[in-house]
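Raw contents of start37.cif, mmCIF, C-alpha atoms:
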data_model
#
loop_
_atom_site.group_PDB
_atom_site.id
_atom_site.type_symbol
_atom_site.label_atom_id
_atom_site.label_comp_id
_atom_site.auth_asym_id
_atom_site.auth_seq_id
_atom_site.Cartn_x
_atom_site.Cartn_y
_atom_site.Cartn_z
ATOM 1 C CA MET E 251 -76.272 -126.205 -168.220
ATOM 2 C CA LYS E 252 -75.430 -122.598 -167.255
ATOM 3 C CA TRP E 253 -72.027 -123.563 -165.925
ATOM 4 C CA THR E 254 -71.328 -125.712 -168.980
ATOM 5 C CA VAL E 255 -71.764 -122.638 -171.186
ATOM 6 C CA ILE E 256 -69.441 -120.558 -169.009
ATOM 7 C CA ALA E 257 -66.801 -123.308 -168.975
ATOM 8 C CA ALA E 258 -67.006 -123.557 -172.758
ATOM 9 C CA VAL E 259 -66.461 -119.807 -173.099
ATOM 10 C CA VAL E 260 -63.462 -119.857 -170.763
ATOM 11 C CA THR E 261 -61.895 -122.686 -172.779
ATOM 12 C CA ALA E 262 -62.557 -120.966 -176.094
ATOM 13 C CA CYS E 263 -61.014 -117.660 -175.044
ATOM 14 C CA GLY E 264 -57.577 -118.831 -174.027
ATOM 15 C CA GLY E 265 -57.596 -121.924 -171.901
ATOM 16 C CA GLY E 266 -56.745 -124.230 -174.750
ATOM 17 C CA ALA E 267 -53.456 -122.839 -176.096
ATOM 18 C CA SER E 268 -50.950 -125.478 -177.104
ATOM 19 C CA ILE E 269 -47.409 -125.506 -178.454
ATOM 20 C CA PRO E 270 -46.997 -127.008 -181.922
ATOM 21 C CA GLY E 271 -44.884 -130.129 -181.828
ATOM 22 C CA GLY E 272 -45.617 -131.162 -178.272
ATOM 23 C CA ASP E 273 -45.795 -129.975 -174.707
ATOM 24 C CA VAL E 274 -42.281 -128.497 -174.397
ATOM 25 C CA ASP E 275 -40.954 -125.015 -175.083
ATOM 26 C CA PRO E 276 -38.136 -125.468 -177.620
ATOM 27 C CA MET E 277 -35.000 -123.602 -176.608
ATOM 28 C CA THR E 278 -31.242 -123.750 -176.717
ATOM 29 C CA ARG E 279 -28.605 -121.894 -174.709
ATOM 30 C CA VAL E 280 -24.847 -121.849 -174.637
ATOM 31 C CA VAL E 281 -23.477 -123.455 -171.463
ATOM 32 C CA GLY E 282 -19.770 -123.466 -172.336
ATOM 33 C CA SER E 283 -17.280 -122.756 -175.065
ATOM 34 C CA ASN E 284 -13.574 -122.974 -175.720
ATOM 35 C CA CYS E 285 -11.220 -122.679 -178.635
ATOM 36 C CA GLN E 286 -7.623 -123.385 -179.628
ATOM 37 C CA LEU E 287 -5.312 -121.903 -182.218
ATOM 38 C CA ILE E 288 -2.769 -124.422 -183.474
ATOM 39 C CA ASN E 289 -0.591 -123.254 -186.334
ATOM 40 C CA THR E 290 -2.976 -122.818 -189.266
ATOM 41 C CA THR E 291 -6.033 -124.369 -187.584
ATOM 42 C CA VAL E 292 -8.675 -123.031 -185.205
ATOM 43 C CA THR E 293 -10.829 -125.471 -183.251
ATOM 44 C CA VAL E 294 -13.972 -124.380 -181.429
ATOM 45 C CA ASP E 295 -16.036 -126.498 -179.011
ATOM 46 C CA VAL E 296 -19.413 -125.159 -177.911
ATOM 47 C CA ALA E 297 -21.760 -126.909 -175.474
ATOM 48 C CA TYR E 298 -25.477 -126.194 -175.415
ATOM 49 C CA GLU E 299 -28.399 -127.195 -173.228
ATOM 50 C CA THR E 300 -31.275 -127.831 -175.610
ATOM 51 C CA THR E 301 -34.947 -128.726 -175.247
ATOM 52 C CA ILE E 302 -37.065 -129.783 -178.226
ATOM 53 C CA ALA E 303 -40.249 -131.727 -178.969
ATOM 54 C CA VAL E 304 -40.479 -134.825 -181.145
ATOM 55 C CA GLY E 305 -40.128 -133.772 -184.790
ATOM 56 C CA GLN E 306 -37.939 -130.819 -183.904
ATOM 57 C CA GLY E 307 -34.209 -130.358 -184.255
ATOM 58 C CA TRP E 308 -31.285 -128.216 -183.179
ATOM 59 C CA GLU E 309 -28.829 -126.625 -185.601
ATOM 60 C CA ALA E 310 -25.629 -124.683 -184.931
ATOM 61 C CA GLN E 311 -23.048 -122.752 -186.918
ATOM 62 C CA VAL E 312 -19.629 -121.279 -186.133
ATOM 63 C CA LEU E 313 -18.277 -118.249 -187.995
ATOM 64 C CA VAL E 314 -14.586 -117.353 -187.909
ATOM 65 C CA LEU E 315 -14.129 -113.613 -188.483
ATOM 66 C CA ASP E 316 -10.646 -113.798 -189.935
ATOM 67 C CA GLY E 317 -10.954 -110.848 -192.297
ATOM 68 C CA GLY E 318 -8.763 -112.655 -194.796
ATOM 69 C CA SER E 319 -5.753 -112.155 -192.509
ATOM 70 C CA PHE E 320 -4.608 -115.773 -192.731
ATOM 71 C CA GLY E 321 -5.113 -116.416 -196.425
ATOM 72 C CA ALA E 322 -7.775 -118.616 -197.923
ATOM 73 C CA GLN E 323 -9.638 -121.147 -195.811
ATOM 74 C CA THR E 324 -8.442 -124.590 -196.889
ATOM 75 C CA SER E 325 -10.806 -126.841 -194.926
ATOM 76 C CA GLU E 326 -13.696 -126.831 -192.478
ATOM 77 C CA SER E 327 -15.430 -129.566 -190.517
ATOM 78 C CA SER E 328 -18.199 -129.897 -187.946
ATOM 79 C CA PHE E 329 -18.996 -132.779 -185.625
ATOM 80 C CA PHE E 330 -22.072 -132.836 -183.400
ATOM 81 C CA ASN E 331 -22.386 -134.809 -180.196
ATOM 82 C CA CYS E 332 -26.146 -135.318 -179.928
ATOM 83 C CA GLY E 333 -26.392 -137.449 -176.777
ATOM 84 C CA LEU E 334 -29.523 -139.593 -177.116
ATOM 85 C CA TRP E 335 -30.774 -137.681 -180.155
ATOM 86 C CA ASN E 336 -29.876 -138.343 -183.804
ATOM 87 C CA GLU E 337 -27.413 -136.361 -185.873
ATOM 88 C CA ILE E 338 -28.870 -134.364 -188.799
ATOM 89 C CA GLY E 339 -26.827 -135.197 -191.879
ATOM 90 C CA SER E 340 -23.398 -136.764 -191.615
ATOM 91 C CA GLY E 341 -19.808 -135.949 -192.405
ATOM 92 C CA GLN E 342 -19.501 -132.692 -194.353
ATOM 93 C CA SER E 343 -23.294 -132.252 -194.412
ATOM 94 C CA ALA E 344 -23.815 -132.590 -190.634
ATOM 95 C CA LYS E 345 -25.612 -129.563 -189.244
ATOM 96 C CA GLY E 346 -27.135 -130.493 -185.878
ATOM 97 C CA CYS E 347 -29.324 -132.940 -183.990
ATOM 98 C CA ALA E 348 -32.903 -134.238 -184.219
ATOM 99 C CA ARG E 349 -35.350 -135.704 -181.718
ATOM 100 C CA ASN E 350 -37.146 -138.282 -183.816
ATOM 101 C CA THR E 351 -39.057 -140.372 -181.303
ATOM 102 C CA ALA E 352 -40.979 -139.873 -178.070
ATOM 103 C CA ASP E 353 -38.691 -142.212 -176.140
ATOM 104 C CA GLN E 354 -35.799 -139.801 -176.669
ATOM 105 C CA PRO E 355 -35.579 -137.257 -173.823
ATOM 106 C CA ALA E 356 -36.827 -133.710 -174.395
ATOM 107 C CA THR E 357 -33.649 -132.126 -173.020
ATOM 108 C CA GLN E 358 -30.064 -132.965 -173.931
ATOM 109 C CA ASN E 359 -26.643 -131.435 -173.502
ATOM 110 C CA VAL E 360 -25.371 -131.316 -177.064
ATOM 111 C CA SER E 361 -22.115 -129.996 -178.425
ATOM 112 C CA HIS E 362 -20.632 -128.715 -181.641
ATOM 113 C CA MET E 363 -16.965 -129.348 -182.415
ATOM 114 C CA PHE E 364 -15.798 -127.152 -185.269
ATOM 115 C CA SER E 365 -12.444 -126.733 -186.946
ATOM 116 C CA ALA E 366 -11.195 -124.612 -189.821
ATOM 117 C CA SER E 367 -7.772 -124.429 -191.430
ATOM 118 C CA PHE E 368 -6.214 -121.546 -193.329
ATOM 119 C CA GLU E 369 -3.227 -121.102 -195.628
ATOM 120 C CA ASN E 370 -1.191 -119.145 -193.089
ATOM 121 C CA GLN E 371 -0.421 -119.209 -189.355
ATOM 122 C CA ILE E 372 -3.336 -117.948 -187.239
ATOM 123 C CA THR E 373 -2.479 -115.283 -184.683
ATOM 124 C CA PRO E 374 -4.393 -114.659 -181.418
ATOM 125 C CA SER E 375 -7.392 -112.351 -180.943
ATOM 126 C CA LEU E 376 -9.541 -114.177 -183.448
ATOM 127 C CA ASP E 377 -13.230 -113.267 -183.116
ATOM 128 C CA ILE E 378 -15.729 -116.121 -183.308
ATOM 129 C CA MET E 379 -19.509 -115.885 -183.727
ATOM 130 C CA ILE E 380 -21.844 -118.778 -182.995
ATOM 131 C CA PHE E 381 -25.480 -119.246 -183.988
ATOM 132 C CA ALA E 382 -27.837 -121.974 -182.778
ATOM 133 C CA SER E 383 -31.535 -122.449 -183.300
ATOM 134 C CA THR E 384 -34.273 -124.945 -182.602
ATOM 135 C CA VAL E 385 -36.182 -125.882 -185.735
ATOM 136 C CA ASP E 386 -39.261 -127.693 -186.964
ATOM 137 C CA LEU E 387 -37.803 -130.497 -189.064
ATOM 138 C CA ALA E 388 -40.808 -130.918 -191.363
ATOM 139 C CA GLY E 389 -41.178 -127.243 -192.210
ATOM 140 C CA ASP E 390 -37.537 -126.196 -191.834
ATOM 141 C CA PHE E 391 -38.441 -123.097 -189.828
ATOM 142 C CA SER E 392 -37.161 -121.930 -186.479
ATOM 143 C CA VAL E 393 -39.212 -122.432 -183.332
ATOM 144 C CA GLY E 394 -38.712 -121.319 -179.748
ATOM 145 C CA ASN E 395 -35.636 -119.530 -178.491
ATOM 146 C CA GLY E 396 -32.262 -119.833 -180.194
ATOM 147 C CA ALA E 397 -28.867 -118.535 -179.139
ATOM 148 C CA ASN E 398 -26.326 -116.153 -180.642
ATOM 149 C CA ASP E 399 -22.977 -115.552 -178.984
ATOM 150 C CA SER E 400 -19.483 -114.314 -179.697
ATOM 151 C CA PHE E 401 -16.066 -114.601 -178.089
ATOM 152 C CA THR E 402 -12.407 -113.963 -178.838
ATOM 153 C CA CYS E 403 -9.974 -116.842 -179.258
ATOM 154 C CA PHE E 404 -6.445 -116.236 -177.881
ATOM 155 C CA MET V 139 -81.083 -116.301 -165.108
ATOM 156 C CA ARG V 140 -79.514 -112.858 -164.651
ATOM 157 C CA ALA V 141 -76.608 -113.990 -162.466
ATOM 158 C CA PRO V 142 -75.150 -116.472 -164.988
ATOM 159 C CA VAL V 143 -75.402 -113.864 -167.751
ATOM 160 C CA LEU V 144 -73.509 -111.353 -165.585
ATOM 161 C CA VAL V 145 -70.836 -113.970 -164.833
ATOM 162 C CA LEU V 146 -70.583 -114.747 -168.538
ATOM 163 C CA LEU V 147 -70.032 -111.061 -169.367
ATOM 164 C CA LEU V 148 -67.371 -110.761 -166.659
ATOM 165 C CA VAL V 149 -65.561 -113.822 -168.022
ATOM 166 C CA LEU V 150 -65.626 -112.420 -171.554
ATOM 167 C CA ALA V 151 -64.239 -109.081 -170.396
ATOM 168 C CA ALA V 152 -61.496 -110.714 -168.326
ATOM 169 C CA CYS V 153 -60.260 -112.878 -171.180
ATOM 170 C CA GLY V 154 -59.625 -110.160 -173.709
ATOM 171 C CA GLY V 155 -62.938 -109.029 -175.051
ATOM 172 C CA GLY V 156 -62.460 -105.514 -173.737
ATOM 173 C CA ALA V 157 -59.480 -104.324 -175.773
ATOM 174 C CA SER V 158 -59.755 -100.706 -176.853
ATOM 175 C CA ILE V 159 -58.188 -98.675 -179.656
ATOM 176 C CA GLU V 160 -55.797 -97.056 -177.179
ATOM 177 C CA ASP V 161 -54.258 -100.497 -176.679
ATOM 178 C CA GLY V 162 -53.660 -100.770 -180.430
ATOM 179 C CA PRO V 163 -50.463 -101.813 -182.177
ATOM 180 C CA ALA V 164 -47.256 -100.085 -181.104
ATOM 181 C CA ALA V 165 -43.555 -100.888 -180.847
ATOM 182 C CA GLN V 166 -40.758 -99.082 -179.051
ATOM 183 C CA VAL V 167 -37.039 -99.816 -178.853
ATOM 184 C CA ALA V 168 -36.367 -100.090 -175.110
ATOM 185 C CA SER V 169 -32.639 -100.807 -175.306
ATOM 186 C CA ALA V 170 -29.975 -101.544 -177.899
ATOM 187 C CA ALA V 171 -26.298 -102.515 -177.664
ATOM 188 C CA CYS V 172 -23.904 -103.346 -180.493
ATOM 189 C CA ASN V 173 -20.446 -104.934 -180.672
ATOM 190 C CA ARG V 174 -18.263 -104.755 -183.783
ATOM 191 C CA LEU V 175 -16.229 -107.941 -184.361
ATOM 192 C CA GLY V 176 -13.336 -109.126 -186.476
ATOM 193 C CA PRO V 177 -9.978 -107.592 -187.329
ATOM 194 C CA ASP V 178 -11.546 -105.352 -189.950
ATOM 195 C CA GLY V 179 -15.009 -104.961 -188.418
ATOM 196 C CA THR V 180 -17.042 -107.190 -190.697
ATOM 197 C CA GLY V 181 -19.047 -108.829 -187.882
ATOM 198 C CA PHE V 182 -21.675 -107.334 -185.578
ATOM 199 C CA MET V 183 -23.611 -108.621 -182.568
ATOM 200 C CA ILE V 184 -26.619 -106.487 -181.612
ATOM 201 C CA GLU V 185 -28.788 -107.153 -178.547
ATOM 202 C CA LEU V 186 -32.141 -105.364 -178.405
ATOM 203 C CA GLU V 187 -35.218 -105.134 -176.233
ATOM 204 C CA TYR V 188 -38.579 -103.853 -177.489
ATOM 205 C CA ALA V 189 -41.854 -102.955 -175.774
ATOM 206 C CA VAL V 190 -44.589 -104.131 -178.138
ATOM 207 C CA THR V 191 -48.396 -104.070 -178.103
ATOM 208 C CA LEU V 192 -50.347 -106.061 -180.686
ATOM 209 C CA ASP V 193 -53.900 -107.117 -181.402
ATOM 210 C CA VAL V 194 -54.605 -110.776 -182.142
ATOM 211 C CA GLY V 195 -53.475 -111.664 -185.677
ATOM 212 C CA GLN V 196 -50.865 -108.907 -185.857
ATOM 213 C CA ALA V 197 -47.112 -109.342 -185.736
ATOM 214 C CA PHE V 198 -43.893 -107.537 -184.903
ATOM 215 C CA THR V 199 -40.639 -107.400 -186.804
ATOM 216 C CA ALA V 200 -37.513 -105.266 -186.814
ATOM 217 C CA ASP V 201 -35.284 -104.240 -189.679
ATOM 218 C CA PHE V 202 -31.840 -102.674 -189.746
ATOM 219 C CA ASP V 203 -30.044 -100.100 -191.847
ATOM 220 C CA PHE V 204 -26.296 -100.765 -191.984
ATOM 221 C CA PRO V 205 -24.064 -98.242 -193.776
ATOM 222 C CA THR V 206 -23.313 -100.595 -196.660
ATOM 223 C CA ASN V 207 -25.022 -101.774 -199.822
ATOM 224 C CA SER V 208 -23.435 -105.217 -199.602
ATOM 225 C CA PRO V 209 -25.730 -108.082 -198.653
ATOM 226 C CA PRO V 210 -24.518 -109.994 -195.579
ATOM 227 C CA LEU V 211 -22.535 -113.201 -195.889
ATOM 228 C CA ASN V 212 -24.196 -114.638 -192.789
ATOM 229 C CA ARG V 213 -27.053 -113.545 -190.598
ATOM 230 C CA SER V 214 -28.898 -114.967 -187.580
ATOM 231 C CA ASP V 215 -31.914 -113.314 -185.956
ATOM 232 C CA ILE V 216 -33.253 -114.681 -182.690
ATOM 233 C CA TYR V 217 -36.426 -113.276 -181.169
ATOM 234 C CA SER V 218 -37.575 -114.211 -177.669
ATOM 235 C CA CYS V 219 -41.293 -113.531 -177.864
ATOM 236 C CA GLY V 220 -42.493 -114.162 -174.302
ATOM 237 C CA SER V 221 -45.968 -115.693 -174.448
ATOM 238 C CA TRP V 222 -46.390 -114.856 -178.150
ATOM 239 C CA SER V 223 -45.224 -117.066 -181.035
ATOM 240 C CA ASN V 224 -42.155 -116.783 -183.236
ATOM 241 C CA THR V 225 -42.642 -115.882 -186.880
ATOM 242 C CA GLY V 226 -40.356 -117.504 -189.388
ATOM 243 C CA ILE V 227 -40.297 -119.950 -192.234
ATOM 244 C CA GLY V 228 -37.283 -121.267 -194.065
ATOM 245 C CA GLY V 229 -34.599 -120.493 -191.557
ATOM 246 C CA ASP V 230 -34.197 -117.681 -189.119
ATOM 247 C CA SER V 231 -36.804 -116.143 -186.901
ATOM 248 C CA GLN V 232 -38.394 -113.042 -188.464
ATOM 249 C CA GLY V 233 -40.214 -111.650 -185.445
ATOM 250 C CA CYS V 234 -43.146 -112.388 -183.182
ATOM 251 C CA GLN V 235 -46.863 -112.793 -183.681
ATOM 252 C CA ARG V 236 -49.875 -112.718 -181.391
ATOM 253 C CA ASP V 237 -52.005 -115.747 -182.182
ATOM 254 C CA PRO V 238 -55.626 -116.402 -181.162
ATOM 255 C CA GLY V 239 -55.726 -117.522 -177.547
ATOM 256 C CA GLN V 240 -52.658 -115.485 -176.542
ATOM 257 C CA ALA V 241 -54.236 -113.155 -174.004
ATOM 258 C CA ALA V 242 -51.401 -110.706 -173.275
ATOM 259 C CA ALA V 243 -51.663 -107.604 -175.474
ATOM 260 C CA SER V 244 -48.167 -106.369 -174.564
ATOM 261 C CA GLN V 245 -44.823 -108.143 -174.377
ATOM 262 C CA ARG V 246 -41.157 -107.340 -173.826
ATOM 263 C CA ILE V 247 -39.429 -108.869 -176.847
ATOM 264 C CA PHE V 248 -35.710 -109.650 -176.874
ATOM 265 C CA HIS V 249 -33.852 -109.816 -180.163
ATOM 266 C CA SER V 250 -30.309 -110.936 -180.894
ATOM 267 C CA LEU V 251 -28.808 -110.205 -184.318
ATOM 268 C CA ALA V 252 -25.496 -111.701 -185.427
ATOM 269 C CA ILE V 253 -24.405 -110.598 -188.894
ATOM 270 C CA GLU V 254 -21.288 -110.702 -191.068
ATOM 271 C CA PHE V 255 -20.605 -108.547 -194.135
ATOM 272 C CA PRO V 256 -18.073 -109.300 -196.882
ATOM 273 C CA ASP V 257 -16.348 -105.911 -196.655
ATOM 274 C CA PRO V 258 -15.109 -103.860 -193.695
ATOM 275 C CA LEU V 259 -17.312 -101.058 -192.382
ATOM 276 C CA PRO V 260 -15.251 -98.134 -191.059
ATOM 277 C CA SER V 261 -15.544 -97.507 -187.311
ATOM 278 C CA PRO V 262 -17.638 -96.196 -185.641
ATOM 279 C CA VAL V 263 -20.558 -97.832 -187.397
ATOM 280 C CA ALA V 264 -24.025 -96.329 -186.843
ATOM 281 C CA VAL V 265 -26.827 -98.841 -187.290
ATOM 282 C CA THR V 266 -30.481 -97.802 -187.378
ATOM 283 C CA VAL V 267 -33.049 -100.250 -186.051
ATOM 284 C CA ASN V 268 -36.698 -99.895 -187.031
ATOM 285 C CA ALA V 269 -39.273 -101.566 -184.782
ATOM 286 C CA ASN V 270 -42.474 -102.261 -186.689
ATOM 287 C CA PRO V 271 -45.874 -103.683 -185.794
ATOM 288 C CA VAL V 272 -47.237 -105.255 -189.003
ATOM 289 C CA VAL V 273 -50.767 -106.189 -190.031
ATOM 290 C CA ALA V 274 -50.062 -109.930 -190.170
ATOM 291 C CA PRO V 275 -47.163 -112.379 -189.814
ATOM 292 C CA GLU V 276 -44.641 -112.061 -192.679
ATOM 293 C CA SER V 277 -46.345 -108.892 -193.955
ATOM 294 C CA SER V 278 -44.302 -105.755 -194.600
ATOM 295 C CA THR V 279 -47.284 -103.446 -194.067
ATOM 296 C CA THR V 280 -46.692 -101.540 -190.847
ATOM 297 C CA ILE V 281 -49.536 -100.540 -188.569
ATOM 298 C CA GLY V 282 -49.834 -98.310 -185.491
ATOM 299 C CA LEU V 283 -46.860 -96.705 -183.776
ATOM 300 C CA THR V 284 -43.395 -97.600 -185.033
ATOM 301 C CA ASP V 285 -40.044 -96.609 -183.551
ATOM 302 C CA SER V 286 -36.551 -96.016 -184.889
ATOM 303 C CA GLU V 287 -33.276 -95.809 -182.955
ATOM 304 C CA THR V 288 -29.652 -95.484 -183.995
ATOM 305 C CA VAL V 289 -27.031 -97.494 -182.145
ATOM 306 C CA SER V 290 -23.278 -97.031 -182.402
ATOM 307 C CA CYS V 291 -21.084 -100.114 -182.850
ATOM 308 C CA MET V 292 -17.528 -99.738 -181.558
#

Written as structure tokens, that's how I'd like the structure from this file.
Amino acid sequence: MKWTVIAAVVTACGGGASIPGGDVDPMTRVVGSNCQLINTTVTVDVAYETTIAVGQGWEAQVLVLDGGSFGAQTSESSFFNCGLWNEIGSGQSAKGCARNTADQPATQNVSHMFSASFENQITPSLDIMIFASTVDLAGDFSVGNGANDSFTCF
Amino acid sequence: MRAPVLVLLLVLAACGGGASIEDGPAAQVASAACNRLGPDGTGFMIELEYAVTLDVGQAFTADFDFPTNSPPLNRSDIYSCGSWSNTGIGGDSQGCQRDPGQAAASQRIFHSLAIEFPDPLPSPVAVTVNANPVVAPESSTTIGLTDSETVSCM
């Protein structure tokens, strides 16, 4: 009886913490990136290692800091390679990947292939910023550790 | 009878029942580094580390003063909260919060800010970061010791 009370107190004061959405710590990190400048188009490929629970997703964005140097942007597209997860959205509305079921693995190497075209020829030393976050799909809020990064495309 | 009571008191003290006012809410900027990006300096990447102490139910957030009145075109905040939880609904992380059951009163918090403005900011850009303990998650009411640092972005 005495020890039952003590065990109950220990559990109540911190032994029972849990992570919403499952037993994994959601996170994403950049594991590789490259880019190409071809005439009026920049292409950016970014690879991430990502861990999420069921009901969570991963979203990524690429920003081209062109400063208006190459005229107006004429097109932009994103394609996500989600491995064994599902893509969020499709075509022009694609924005990342989702783990929908428990039989999908918690960790995947996912990638974001981005391209943008401008009116004029792109010249080297183009700064790129990338954002990625792990999100709760039902509430549309970020969870765990995301990743910001930047690099210069030559 | 006395021995179990003594053990119970020891357990309560060890799991957080003994917090004092001196341990109260406080935040300090431990380090800050900023990179200015883009041909005309419209993009910024800022990496920060904070030393933060919170009571259960309180939260931490940081805000920035950039030398412009223009709202950003894009912004991504990523907080790495250690054993505390992320705060954020509707998109980006807004800070960290100490939830019930999270025993550690102090954490080193890492924060990455990626931001893009519509207009160039002349170099060098001085950005002020304000580190704020707040009374509750998503509150703007600061509590305890706050800190403010200015970082130069080249």

Practice item. Using the chain letters and numbers from the file, give me the residues hit by the PyMOL selection byres ((chain V and resi 183-196) around 8), as number ranges by chain. Key: E: 399-400; V: 161-175, 181-182, 197-198, 235-238, 240, 243-253, 269, 271-275

Check your understanding: Which distance in Å separates atom CA of E:Thr290 and atom CA of V:Leu211, to one decimal?
Key -> 22.8 Å

Practice item. List the residues matched by the PyMOL selection byres ((chain E and resi 373) around 10) in the displayed structure as a PyMOL selection string, ordered by chain and then by residue number. Key: chain E and resi 287-290+292+316+319-320+370-372+374-376+403-404

Written selection (C-alpha atoms) as a PDB file, keeping the file's coordinate frame:
ATOM      1  CA  LEU E 287      -5.312-121.903-182.218  1.00  0.00           C
ATOM      2  CA  ILE E 288      -2.769-124.422-183.474  1.00  0.00           C
ATOM      3  CA  ASN E 289      -0.591-123.254-186.334  1.00  0.00           C
ATOM      4  CA  THR E 290      -2.976-122.818-189.266  1.00  0.00           C
ATOM      5  CA  VAL E 292      -8.675-123.031-185.205  1.00  0.00           C
ATOM      6  CA  ASP E 316     -10.646-113.798-189.935  1.00  0.00           C
ATOM      7  CA  SER E 319      -5.753-112.155-192.509  1.00  0.00           C
ATOM      8  CA  PHE E 320      -4.608-115.773-192.731  1.00  0.00           C
ATOM      9  CA  ASN E 370      -1.191-119.145-193.089  1.00  0.00           C
ATOM     10  CA  GLN E 371      -0.421-119.209-189.355  1.00  0.00           C
ATOM     11  CA  ILE E 372      -3.336-117.948-187.239  1.00  0.00           C
ATOM     12  CA  PRO E 374      -4.393-114.659-181.418  1.00  0.00           C
ATOM     13  CA  SER E 375      -7.392-112.351-180.943  1.00  0.00           C
ATOM     14  CA  LEU E 376      -9.541-114.177-183.448  1.00  0.00           C
ATOM     15  CA  CYS E 403      -9.974-116.842-179.258  1.00  0.00           C
ATOM     16  CA  PHE E 404      -6.445-116.236-177.881  1.00  0.00           C
TER      17      PHE E 404
END

**Study point:** Picked residues, the PyMOL selection byres ((chain E and resi 381-391) around 7), as a PyMOL selection string
**Key:** (chain E and resi 276-278+305-312+379-380+392-399) or (chain V and resi 214+226-230)

Those same residues, written as an mmCIF file, in the frame of the given file with C-alpha atoms?
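Below is the file result10.cif, written as the result:
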data_model
loop_
_atom_site.group_PDB
_atom_site.id
_atom_site.type_symbol
_atom_site.label_atom_id
_atom_site.label_comp_id
_atom_site.auth_asym_id
_atom_site.auth_seq_id
_atom_site.Cartn_x
_atom_site.Cartn_y
_atom_site.Cartn_z
ATOM 1 C CA PRO E 276 -38.136 -125.468 -177.620
ATOM 2 C CA MET E 277 -35.000 -123.602 -176.608
ATOM 3 C CA THR E 278 -31.242 -123.750 -176.717
ATOM 4 C CA GLY E 305 -40.128 -133.772 -184.790
ATOM 5 C CA GLN E 306 -37.939 -130.819 -183.904
ATOM 6 C CA GLY E 307 -34.209 -130.358 -184.255
ATOM 7 C CA TRP E 308 -31.285 -128.216 -183.179
ATOM 8 C CA GLU E 309 -28.829 -126.625 -185.601
ATOM 9 C CA ALA E 310 -25.629 -124.683 -184.931
ATOM 10 C CA GLN E 311 -23.048 -122.752 -186.918
ATOM 11 C CA VAL E 312 -19.629 -121.279 -186.133
ATOM 12 C CA MET E 379 -19.509 -115.885 -183.727
ATOM 13 C CA ILE E 380 -21.844 -118.778 -182.995
ATOM 14 C CA SER E 392 -37.161 -121.930 -186.479
ATOM 15 C CA VAL E 393 -39.212 -122.432 -183.332
ATOM 16 C CA GLY E 394 -38.712 -121.319 -179.748
ATOM 17 C CA ASN E 395 -35.636 -119.530 -178.491
ATOM 18 C CA GLY E 396 -32.262 -119.833 -180.194
ATOM 19 C CA ALA E 397 -28.867 -118.535 -179.139
ATOM 20 C CA ASN E 398 -26.326 -116.153 -180.642
ATOM 21 C CA ASP E 399 -22.977 -115.552 -178.984
ATOM 22 C CA SER V 214 -28.898 -114.967 -187.580
ATOM 23 C CA GLY V 226 -40.356 -117.504 -189.388
ATOM 24 C CA ILE V 227 -40.297 -119.950 -192.234
ATOM 25 C CA GLY V 228 -37.283 -121.267 -194.065
ATOM 26 C CA GLY V 229 -34.599 -120.493 -191.557
ATOM 27 C CA ASP V 230 -34.197 -117.681 -189.119
#

Exercise for review: Pull the neighbourhood of (-23.9, -127.5, -187.5) for me: all residues within 12 Å in file coordinates, counting all atoms listed in the file, as a PyMOL selection string.
Suggested key: chain E and resi 295-296+307-313+326-332+337-348+360-365+380-384

**Study point:** Straight-line distance linking atom CA of V:Phe255 with atom CA of V:Ser223, stated in Å to one decimal
**Key:**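 Computing it gives 29.2 Å between the two atoms.
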
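Counting from atom CA of V:Leu259, the distance to atom CA of E:Val314 is 17.1 Å.
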
Check your understanding: What lies within 9 Å of E:Val304 using only C-alpha atoms, ignoring chain neighbours under 3 positions off, as a count of residues only?
Key -> 10

Check your understanding: Taking only C-alpha atoms into account, which of V:Thr199, V:Asn224, V:Asn207, V:Thr288 comes nearest chain E?
Key ->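 Closest to chain E of all the choices is V:Asn224.
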